[in-house]
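Engineer: What follows is work_11.cif; its format and atoms are mmCIF, C-alpha atoms.
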data_input
loop_
_atom_site.group_PDB
_atom_site.id
_atom_site.type_symbol
_atom_site.label_atom_id
_atom_site.label_comp_id
_atom_site.auth_asym_id
_atom_site.auth_seq_id
_atom_site.Cartn_x
_atom_site.Cartn_y
_atom_site.Cartn_z
ATOM 1 C CA MET K 370 30.572 -167.183 -116.411
ATOM 2 C CA SER K 371 32.284 -167.368 -112.999
ATOM 3 C CA ASP K 372 35.991 -166.608 -112.548
ATOM 4 C CA ARG K 373 36.656 -170.299 -111.982
ATOM 5 C CA ASP K 374 34.870 -171.299 -115.189
ATOM 6 C CA ALA K 375 36.667 -168.583 -117.163
ATOM 7 C CA LEU K 376 40.077 -169.784 -115.946
ATOM 8 C CA LEU K 377 39.244 -173.407 -116.724
ATOM 9 C CA ALA K 378 38.083 -172.395 -120.203
ATOM 10 C CA ALA K 379 41.407 -170.596 -120.745
ATOM 11 C CA ILE K 380 43.318 -173.737 -119.713
ATOM 12 C CA ARG K 381 41.373 -175.835 -122.212
ATOM 13 C CA ALA K 382 41.802 -173.236 -124.949
ATOM 14 C CA HIS K 383 45.581 -172.993 -124.404
ATOM 15 C CA PRO K 384 46.570 -176.497 -123.257
ATOM 16 C CA ASP K 385 50.308 -176.015 -123.895
ATOM 17 C CA ASP K 386 50.560 -172.780 -121.905
ATOM 18 C CA ASP K 387 51.413 -173.041 -118.195
ATOM 19 C CA THR K 388 50.392 -169.448 -117.424
ATOM 20 C CA PRO K 389 46.614 -170.053 -117.128
ATOM 21 C CA ARG K 390 47.318 -173.076 -114.928
ATOM 22 C CA LEU K 391 49.500 -171.104 -112.556
ATOM 23 C CA ILE K 392 46.952 -168.276 -112.447
ATOM 24 C CA PHE K 393 44.341 -170.882 -111.560
ATOM 25 C CA ALA K 394 46.624 -172.143 -108.778
ATOM 26 C CA ASP K 395 46.712 -168.597 -107.348
ATOM 27 C CA PHE K 396 42.912 -168.502 -107.596
ATOM 28 C CA LEU K 397 42.711 -171.801 -105.697
ATOM 29 C CA ASP K 398 44.912 -170.411 -102.930
ATOM 30 C CA ASP K 399 42.599 -167.411 -102.593
ATOM 31 C CA ALA K 400 39.610 -169.792 -102.505
ATOM 32 C CA GLY K 401 41.116 -171.796 -99.648
ATOM 33 C CA GLU K 402 42.030 -174.802 -101.828
ATOM 34 C CA SER K 403 45.730 -174.719 -101.054
ATOM 35 C CA ALA K 404 46.310 -178.467 -101.486
ATOM 36 C CA ARG K 405 44.929 -178.424 -105.040
ATOM 37 C CA ALA K 406 46.944 -175.277 -105.789
ATOM 38 C CA ALA K 407 50.148 -176.953 -104.587
ATOM 39 C CA PHE K 408 49.372 -180.011 -106.723
ATOM 40 C CA VAL K 409 48.977 -177.904 -109.878
ATOM 41 C CA ARG K 410 52.258 -176.071 -109.230
ATOM 42 C CA ALA K 411 54.130 -179.315 -108.452
ATOM 43 C CA GLN K 412 52.894 -180.986 -111.627
ATOM 44 C CA VAL K 413 53.832 -177.972 -113.742
ATOM 45 C CA GLU K 414 57.339 -178.053 -112.265
ATOM 46 C CA VAL K 415 57.687 -181.791 -112.902
ATOM 47 C CA ALA K 416 56.480 -181.402 -116.498
ATOM 48 C CA ARG K 417 59.144 -178.750 -117.083
ATOM 49 C CA SER K 418 61.874 -181.063 -115.756
ATOM 50 C CA GLU K 419 63.641 -183.938 -117.437
ATOM 51 C CA PRO K 420 62.821 -187.338 -115.859
ATOM 52 C CA TRP K 421 66.315 -187.585 -114.354
ATOM 53 C CA GLU K 422 66.317 -184.126 -112.748
ATOM 54 C CA PRO K 423 66.010 -183.972 -108.948
ATOM 55 C CA VAL K 424 62.480 -182.577 -108.766
ATOM 56 C CA ALA K 425 61.113 -185.334 -111.044
ATOM 57 C CA VAL K 426 62.996 -188.092 -109.224
ATOM 58 C CA ARG K 427 61.881 -186.772 -105.836
ATOM 59 C CA CYS K 428 58.230 -186.758 -106.869
ATOM 60 C CA ARG K 429 58.377 -190.261 -108.332
ATOM 61 C CA TRP K 430 59.986 -191.806 -105.256
ATOM 62 C CA HIS K 431 58.972 -189.637 -102.310
ATOM 63 C CA ASP K 432 55.798 -187.818 -103.316
ATOM 64 C CA ALA K 433 53.895 -190.255 -105.503
ATOM 65 C CA ASP K 434 50.627 -188.335 -105.119
ATOM 66 C CA ALA K 435 52.221 -185.420 -106.981
ATOM 67 C CA VAL K 436 52.473 -187.764 -109.968
ATOM 68 C CA SER K 437 49.275 -189.798 -109.602
ATOM 69 C CA GLY K 438 46.978 -187.023 -108.397
ATOM 70 C CA ARG K 439 45.107 -189.681 -106.438
ATOM 71 C CA ALA K 440 43.777 -187.148 -103.937
ATOM 72 C CA PHE K 441 42.086 -185.194 -106.745
ATOM 73 C CA ALA K 442 40.864 -188.029 -108.961
ATOM 74 C CA ALA K 443 37.265 -187.438 -107.863
ATOM 75 C CA GLU K 444 37.440 -183.961 -109.425
ATOM 76 C CA LEU K 445 38.015 -185.366 -112.912
ATOM 77 C CA ALA K 446 35.075 -185.328 -115.296
ATOM 78 C CA PRO K 447 33.205 -188.671 -115.117
ATOM 79 C CA LEU K 448 33.701 -190.797 -118.241
ATOM 80 C CA ARG K 449 31.613 -193.593 -119.719
ATOM 81 C CA HIS K 450 32.831 -196.931 -121.050
ATOM 82 C CA PRO K 451 34.496 -197.514 -123.504
ATOM 83 C CA VAL K 452 36.372 -194.304 -122.634
ATOM 84 C CA ALA K 453 38.208 -194.122 -119.303
ATOM 85 C CA TRP K 454 40.887 -192.131 -117.517
ATOM 86 C CA ALA K 455 44.369 -193.648 -117.597
ATOM 87 C CA GLN K 456 46.034 -194.992 -114.457
ATOM 88 C CA TYR K 457 47.923 -191.700 -114.151
ATOM 89 C CA PRO K 458 45.465 -189.277 -115.721
ATOM 90 C CA PHE K 459 46.958 -185.949 -114.657
ATOM 91 C CA ARG K 460 49.579 -183.791 -116.298
ATOM 92 C CA ARG K 461 50.348 -180.249 -115.252
ATOM 93 C CA GLY K 462 47.511 -180.446 -112.742
ATOM 94 C CA PHE K 463 44.593 -181.421 -114.984
ATOM 95 C CA GLY K 464 43.092 -184.429 -116.746
ATOM 96 C CA TYR K 465 45.355 -185.332 -119.653
ATOM 97 C CA ALA K 466 45.426 -189.080 -120.426
ATOM 98 C CA ILE K 467 42.454 -191.183 -121.524
ATOM 99 C CA HIS K 468 41.895 -194.703 -122.876
ATOM 100 C CA VAL K 469 39.670 -195.151 -125.936
ATOM 101 C CA THR K 470 39.138 -198.885 -126.259
ATOM 102 C CA ARG K 471 36.992 -198.659 -129.399
ATOM 103 C CA ALA K 472 37.411 -196.042 -132.104
ATOM 104 C CA ALA K 473 33.678 -196.359 -132.775
ATOM 105 C CA ALA K 474 33.110 -194.628 -129.423
ATOM 106 C CA TRP K 475 34.966 -191.511 -130.520
ATOM 107 C CA PRO K 476 32.098 -189.139 -131.457
ATOM 108 C CA GLU K 477 29.769 -189.956 -128.592
ATOM 109 C CA PHE K 478 32.084 -190.698 -125.676
ATOM 110 C CA ALA K 479 35.584 -189.334 -126.372
ATOM 111 C CA GLU K 480 35.096 -186.018 -128.151
ATOM 112 C CA PRO K 481 33.013 -184.472 -125.319
ATOM 113 C CA VAL K 482 35.936 -184.985 -122.901
ATOM 114 C CA PHE K 483 37.918 -182.292 -124.721
ATOM 115 C CA ASP K 484 35.307 -179.739 -123.651
ATOM 116 C CA LEU K 485 35.849 -180.728 -120.011
ATOM 117 C CA GLU K 486 39.609 -181.279 -119.585
ATOM 118 C CA PRO K 487 42.802 -180.359 -121.516
ATOM 119 C CA VAL K 488 43.289 -183.911 -122.828
ATOM 120 C CA GLY K 489 46.445 -184.569 -124.821
ATOM 121 C CA ALA K 490 47.439 -188.233 -124.321
ATOM 122 C CA LEU K 491 45.266 -190.940 -125.863
ATOM 123 C CA SER K 492 45.592 -194.723 -125.815
ATOM 124 C CA PHE K 493 43.763 -196.489 -128.635
ATOM 125 C CA TRP K 494 42.815 -200.136 -129.080
ATOM 126 C CA SER K 495 40.516 -201.381 -131.857
ATOM 127 C CA GLY K 496 38.753 -199.803 -134.797
ATOM 128 C CA THR K 497 37.992 -200.079 -138.494
ATOM 129 C CA LEU K 498 39.639 -197.851 -141.079
ATOM 130 C CA ASP K 499 36.433 -195.823 -141.463
ATOM 131 C CA GLU K 500 36.297 -195.313 -137.687
ATOM 132 C CA TRP K 501 39.929 -194.186 -137.639
ATOM 133 C CA LYS K 502 39.156 -191.745 -140.450
ATOM 134 C CA ARG K 503 36.384 -190.242 -138.311
ATOM 135 C CA VAL K 504 38.872 -189.816 -135.470
ATOM 136 C CA ALA K 505 41.363 -188.192 -137.869
ATOM 137 C CA ALA K 506 38.684 -185.765 -139.097
ATOM 138 C CA SER K 507 37.971 -184.507 -135.574
ATOM 139 C CA PRO K 508 38.848 -180.883 -134.777
ATOM 140 C CA HIS K 509 40.379 -182.196 -131.548
ATOM 141 C CA VAL K 510 43.285 -183.838 -133.384
ATOM 142 C CA LYS K 511 45.160 -180.555 -132.951
ATOM 143 C CA ARG K 512 45.112 -181.270 -129.201
ATOM 144 C CA PHE K 513 46.811 -184.682 -129.563
ATOM 145 C CA ARG K 514 50.273 -184.777 -127.962
ATOM 146 C CA GLU K 515 50.951 -188.420 -127.048
ATOM 147 C CA LEU K 516 49.462 -191.413 -128.845
ATOM 148 C CA THR K 517 49.577 -195.070 -127.801
ATOM 149 C CA PHE K 518 48.468 -197.892 -130.090
ATOM 150 C CA HIS K 519 47.816 -201.204 -128.330
ATOM 151 C CA ASN K 520 47.010 -203.192 -131.465
ATOM 152 C CA ASN K 521 47.996 -203.028 -135.124
ATOM 153 C CA PRO K 522 48.899 -199.371 -135.800
ATOM 154 C CA ILE K 523 48.743 -199.519 -139.601
ATOM 155 C CA GLU K 524 45.157 -198.318 -140.100
ATOM 156 C CA PRO K 525 45.110 -195.553 -137.434
ATOM 157 C CA LEU K 526 48.446 -194.226 -138.696
ATOM 158 C CA PHE K 527 47.194 -194.354 -142.282
ATOM 159 C CA ALA K 528 44.256 -192.173 -141.229
ATOM 160 C CA LEU K 529 46.241 -189.738 -139.069
ATOM 161 C CA ARG K 530 49.718 -189.474 -140.518
ATOM 162 C CA ASP K 531 49.143 -186.780 -143.180
ATOM 163 C CA ASN K 532 46.684 -184.664 -141.215
ATOM 164 C CA PRO K 533 48.324 -181.241 -140.639
ATOM 165 C CA ASP K 534 46.439 -180.984 -137.336
ATOM 166 C CA ALA K 535 48.537 -183.924 -136.083
ATOM 167 C CA SER K 536 51.682 -181.784 -136.090
ATOM 168 C CA GLY K 537 51.316 -181.242 -132.338
ATOM 169 C CA VAL K 538 52.023 -184.907 -131.539
ATOM 170 C CA THR K 539 55.317 -185.306 -129.663
ATOM 171 C CA ASP K 540 55.430 -189.039 -128.796
ATOM 172 C CA ILE K 541 54.028 -192.259 -130.255
ATOM 173 C CA ARG K 542 53.996 -195.580 -128.406
ATOM 174 C CA PHE K 543 53.573 -199.002 -129.964
ATOM 175 C CA GLU K 544 52.481 -201.547 -127.355
ATOM 176 C CA ARG K 545 52.632 -204.447 -129.802
ATOM 177 C CA ALA K 546 55.615 -203.759 -132.015
ATOM 178 C CA THR K 547 55.978 -207.261 -133.390
ATOM 179 C CA GLY K 548 55.361 -208.236 -136.998
ATOM 180 C CA ALA K 549 57.225 -208.145 -140.265
ATOM 181 C CA GLY K 550 55.506 -204.930 -141.343
ATOM 182 C CA MET K 551 56.701 -202.754 -138.468
ATOM 183 C CA PRO K 552 59.839 -201.423 -140.268
ATOM 184 C CA GLU K 553 57.682 -200.316 -143.208
ATOM 185 C CA VAL K 554 55.261 -198.631 -140.780
ATOM 186 C CA ILE K 555 58.153 -196.591 -139.364
ATOM 187 C CA GLU K 556 59.533 -195.775 -142.816
ATOM 188 C CA ASP K 557 56.135 -194.486 -143.962
ATOM 189 C CA LEU K 558 55.625 -192.634 -140.696
ATOM 190 C CA SER K 559 58.969 -190.815 -140.955
ATOM 191 C CA ARG K 560 57.909 -189.318 -144.308
ATOM 192 C CA SER K 561 54.577 -188.030 -142.983
ATOM 193 C CA VAL K 562 53.392 -184.908 -141.157
ATOM 194 C CA LEU K 563 52.868 -186.950 -137.998
ATOM 195 C CA GLY K 564 56.280 -188.618 -138.195
ATOM 196 C CA ARG K 565 58.154 -185.376 -138.802
ATOM 197 C CA ALA K 566 56.422 -183.809 -135.795
ATOM 198 C CA ALA K 567 57.048 -186.655 -133.325
ATOM 199 C CA ARG K 568 60.178 -186.304 -131.207
ATOM 200 C CA GLY K 569 59.827 -189.637 -129.408
ATOM 201 C CA LEU K 570 59.017 -193.205 -130.478
ATOM 202 C CA HIS K 571 58.507 -196.029 -128.000
ATOM 203 C CA PHE K 572 58.327 -199.767 -128.735
ATOM 204 C CA ARG K 573 57.210 -202.737 -126.646
ATOM 205 C CA ALA K 574 56.952 -206.472 -127.241
ATOM 206 C CA GLY K 575 58.303 -207.270 -130.665
ATOM 207 C CA TYR K 576 60.903 -209.819 -131.737
ATOM 208 C CA GLY K 577 59.790 -210.358 -135.336
ATOM 209 C CA SER K 578 61.899 -207.896 -137.316
ATOM 210 C CA THR K 579 63.971 -205.949 -134.803
ATOM 211 C CA GLY K 580 67.012 -205.661 -137.070
ATOM 212 C CA ALA K 581 65.009 -204.128 -139.922
ATOM 213 C CA LEU K 582 63.231 -201.844 -137.428
ATOM 214 C CA MET K 583 66.586 -200.528 -136.201
ATOM 215 C CA GLY K 584 67.568 -199.865 -139.794
ATOM 216 C CA ALA K 585 64.364 -197.890 -140.401
ATOM 217 C CA LEU K 586 64.882 -195.841 -137.235
ATOM 218 C CA SER K 587 68.527 -195.201 -138.048
ATOM 219 C CA ALA K 588 67.701 -193.914 -141.534
ATOM 220 C CA GLY K 589 64.699 -191.844 -140.440
ATOM 221 C CA ALA K 590 64.289 -188.300 -139.177
ATOM 222 C CA PRO K 591 66.282 -187.443 -136.023
ATOM 223 C CA LEU K 592 64.496 -188.253 -132.770
ATOM 224 C CA GLU K 593 65.055 -186.945 -129.255
ATOM 225 C CA ARG K 594 63.550 -189.892 -127.340
ATOM 226 C CA LEU K 595 63.558 -193.624 -127.951
ATOM 227 C CA SER K 596 62.510 -196.456 -125.677
ATOM 228 C CA PHE K 597 62.442 -200.230 -126.112
ATOM 229 C CA ARG K 598 60.964 -202.924 -123.896
ATOM 230 C CA ILE K 599 60.957 -206.663 -124.597
ATOM 231 C CA MET K 600 62.207 -206.098 -128.134
ATOM 232 C CA GLY K 601 65.097 -208.596 -128.026
ATOM 233 C CA LEU K 602 67.739 -205.922 -128.562
ATOM 234 C CA THR K 603 71.386 -206.887 -128.870
ATOM 235 C CA ALA K 604 74.516 -204.769 -128.998
ATOM 236 C CA ASP K 605 74.488 -205.179 -132.782
ATOM 237 C CA HIS K 606 71.019 -203.678 -132.927
ATOM 238 C CA LEU K 607 72.171 -200.613 -131.009
ATOM 239 C CA GLU K 608 75.215 -200.231 -133.239
ATOM 240 C CA ALA K 609 72.905 -200.257 -136.259
ATOM 241 C CA LEU K 610 70.639 -197.686 -134.611
ATOM 242 C CA PHE K 611 73.511 -195.260 -134.078
ATOM 243 C CA ASP K 612 74.824 -195.737 -137.607
ATOM 244 C CA GLY K 613 72.548 -193.138 -139.201
ATOM 245 C CA PRO K 614 70.909 -189.739 -138.647
ATOM 246 C CA GLY K 615 67.899 -191.065 -136.747
ATOM 247 C CA ALA K 616 69.797 -191.256 -133.445
ATOM 248 C CA ALA K 617 72.007 -188.201 -133.967
ATOM 249 C CA ALA K 618 69.828 -185.933 -131.792
ATOM 250 C CA LEU K 619 68.893 -188.439 -129.054
ATOM 251 C CA ARG K 620 68.622 -186.982 -125.568
ATOM 252 C CA ALA K 621 67.003 -189.998 -123.893
ATOM 253 C CA LEU K 622 67.321 -193.726 -124.612
ATOM 254 C CA HIS K 623 65.346 -196.027 -122.314
ATOM 255 C CA LEU K 624 65.877 -199.809 -122.363
ATOM 256 C CA ARG K 625 63.922 -202.253 -120.212
ATOM 257 C CA ASP K 626 63.871 -206.046 -120.228
ATOM 258 C CA GLU K 627 66.371 -206.213 -123.090
ATOM 259 C CA PRO K 628 69.089 -208.925 -123.228
ATOM 260 C CA LEU K 629 71.747 -206.890 -125.128
ATOM 261 C CA GLY K 630 74.105 -209.897 -125.016
ATOM 262 C CA ALA K 631 77.698 -209.298 -123.978
#
If you convert what's in this file into structure tokens, what do you get?
Structural biologist:
Amino acid sequence: MSDRDALLAAIRAHPDDDTPRLIFADFLDDAGESARAAFVRAQVEVARSEPWEPVAVRCRWHDADAVSGRAFAAELAPLRHPVAWAQYPFRRGFGYAIHVTRAAAWPEFAEPVFDLEPVGALSFWSGTLDEWKRVAASPHVKRFRELTFHNNPIEPLFALRDNPDASGVTDIRFERATGAGMPEVIEDLSRSVLGRAARGLHFRAGYGSTGALMGALSAGAPLERLSFRIMGLTADHLEALFDGPGAAALRALHLRDEPLGA
């Protein structure tokens, strides 16, 4: 095994550790790949910073390539439909975010990616309960850090929520948070291994039962990050959110396209 391959294997084996990544950046400098080395270091620094800190703001607005990694996209492992790299696939210098449009594709097309890149963020679309159970049984679940559900999250959460390997998940995003059952989904989630591990929940596009959802979040386990977009939030909803322990530890609250009233 070459030095390069050994360093890349160490990064995949220890995806939460920055040290192998920074050692690899030094190796890239020695190999004459200074631009790639600088990209890895910049992304590590951004990942260590809060979104409002100067280094993160500077990269977002003045050095977009440090966020997108566009110059290095060709170095990512090639993927086959229905699995694809996300629009912004990189985190901490390596491939991190993938789309899995069909859970049925998991064994053949998604699992092999974990042997190629330190993947941690996954966006899921459709699947049957049996397919979600196969995903939940994967040894790669311990690598999951950020999950996005674009359709009904009930079945994938049912399959994943009590898996002890899911305790590494930090953030869960619901891209279709409408529906009368969403408060119950959050209540069940907060009592599970997955829900107790997650420090951030993010909701988009849901007017159906926003008041009950706020009640479920307020009464749930404390969260550090919450975001809402097109959820029809009012000032009363936010008052209800901050009424209980669920918001007691919040460090970031992101609102977008919300009316909030007066």
Engineer: On this file, the PyMOL selection byres ((chain K and resi 560-569) around 6) gives some set of residues; write that set as a list in words.
Structural biologist: Arg530, Asp531, Ala535, Ser536, Val538, Thr539, Asp540, Asp557, Leu558, Ser559, Leu570, Leu592, Glu593, Arg594 and Leu595 of chain K
Engineer: In the coordinates of the file, take the point (39.1, -192.5, -124.1) and a cut-off of 12 Å; then, counting all atoms listed in the file, name each qualifying protein, DNA or RNA residue as a ChimeraX atom specification.
Structural biologist: /K:447-455,458,464-483,488-495,504,516-517
Engineer: Give the answer as one residue: which of K:Phe396, K:Asp387, K:Glu402, K:Leu529 has the shortest atom-to-atom distance to Ser371 (chain K), using only C-alpha atoms?
Structural biologist: K:Phe396
Engineer: List every protein, DNA or RNA residue that has an atom no more than 9 Å from (46.9, -181.5, -126.2) in the file's coordinate frame, counting all atoms listed in the file, and report them as a list in words.
Structural biologist: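 Residues with an atom close enough to that point: Arg381, His383, Pro384, Asp385, Tyr465, Pro487, Val488, Gly489, Ala490, His509, Val510, Lys511, Arg512, Phe513, Arg514, Glu515, Gly537 and Val538 of chain K.
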Engineer: For a quick check of understanding, using all atoms listed in the file, which of K:Thr497, K:His623, K:Ala440, K:Arg460 has the smallest distance to Arg417 (chain K)?
Structural biologist: K:Arg460
Engineer: List the residues selected by the PyMOL selection byres ((chain K and resi 613) around 6) in the file shown, writing them as number ranges by chain.
Structural biologist: K: 587-588, 611-612, 614-615
Engineer: I'd like the neighbourhood of Arg373 (chain K) as a ChimeraX atom specification, where a residue qualifies if any of its atoms comes within 8 Å (using only C-alpha atoms), though same-chain residues fewer than 3 positions away should be ignored.
Structural biologist: /K:376-377,393,396
Engineer: May I ask for the distance between CA of Gly462 (chain K) and CA of Gly438 (chain K), given in Å to one decimal place?
Structural biologist: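 These atoms are spaced 7.9 Å apart.
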Engineer: In Å, with one decimal, what is the gap from CA of His519 (chain K) to CA of Arg545 (chain K)?
Structural biologist: 6.0 Å
Engineer: Go through K:Arg405, K:Arg429, K:Arg542, K:His606 one by one, measure the shortest atom-to-atom distance of each to Leu582 (chain K) using only C-alpha atoms, and give the residue with the smallest value.
Structural biologist: K:His606
Engineer: So how far away is CA of Glu544 (chain K) from CA of Asp605 (chain K), in Å?
Structural biologist: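 Separating CA of Asp605 (chain K) from CA of Glu544 (chain K) is a distance of 23.0 Å.
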Engineer: Can you give me, as a list in words, the residues this file yields under the PyMOL selection byres ((chain K and resi 585) around 8)?
Structural biologist: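 Applying the PyMOL selection byres ((chain K and resi 585) around 8) to the structure shown produces Pro552, Glu553, Ile555, Glu556, Ala581, Leu582, Met583, Gly584, Leu586, Ser587, Ala588 and Gly589 of chain K.
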Engineer: Looking at K:Pro423, K:Pro522, K:Pro389, K:Pro508, which one is nearest to Phe572 (chain K), with distances taken over all atoms listed in the file?
Structural biologist: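 Of K:Pro423, K:Pro522, K:Pro389, K:Pro508, the one nearest Phe572 (chain K) is K:Pro522, counting all atoms listed in the file.
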Engineer: Using only C-alpha atoms, which residue out of K:Ala407, K:Ala546, K:Met551, K:Val415 lies closest to Asn520 (chain K)?
Structural biologist: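 Looking at the shortest contact to Asn520 (chain K), the residue is K:Ala546.
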Engineer: Smallest atom-to-atom distance to Ser437 (chain K): which of K:Phe518, K:Gln412, K:Met370, K:Ala375, using all atoms listed in the file?
Structural biologist: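 Using all atoms listed in the file, Ser437 (chain K) sits closest to K:Gln412.
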Engineer: Specify the axis-aligned box that encloses all atoms of region 476-484 of chain K listed in the file after padding of 8 Å on each side, stating its centre and edge lengths in Å to one decimal as lines of an AutoDock Vina configuration file.
Structural biologist:
center_x = 33.8
center_y = -185.2
center_z = -127.2
size_x = 24.1
size_y = 27.0
size_z = 24.6
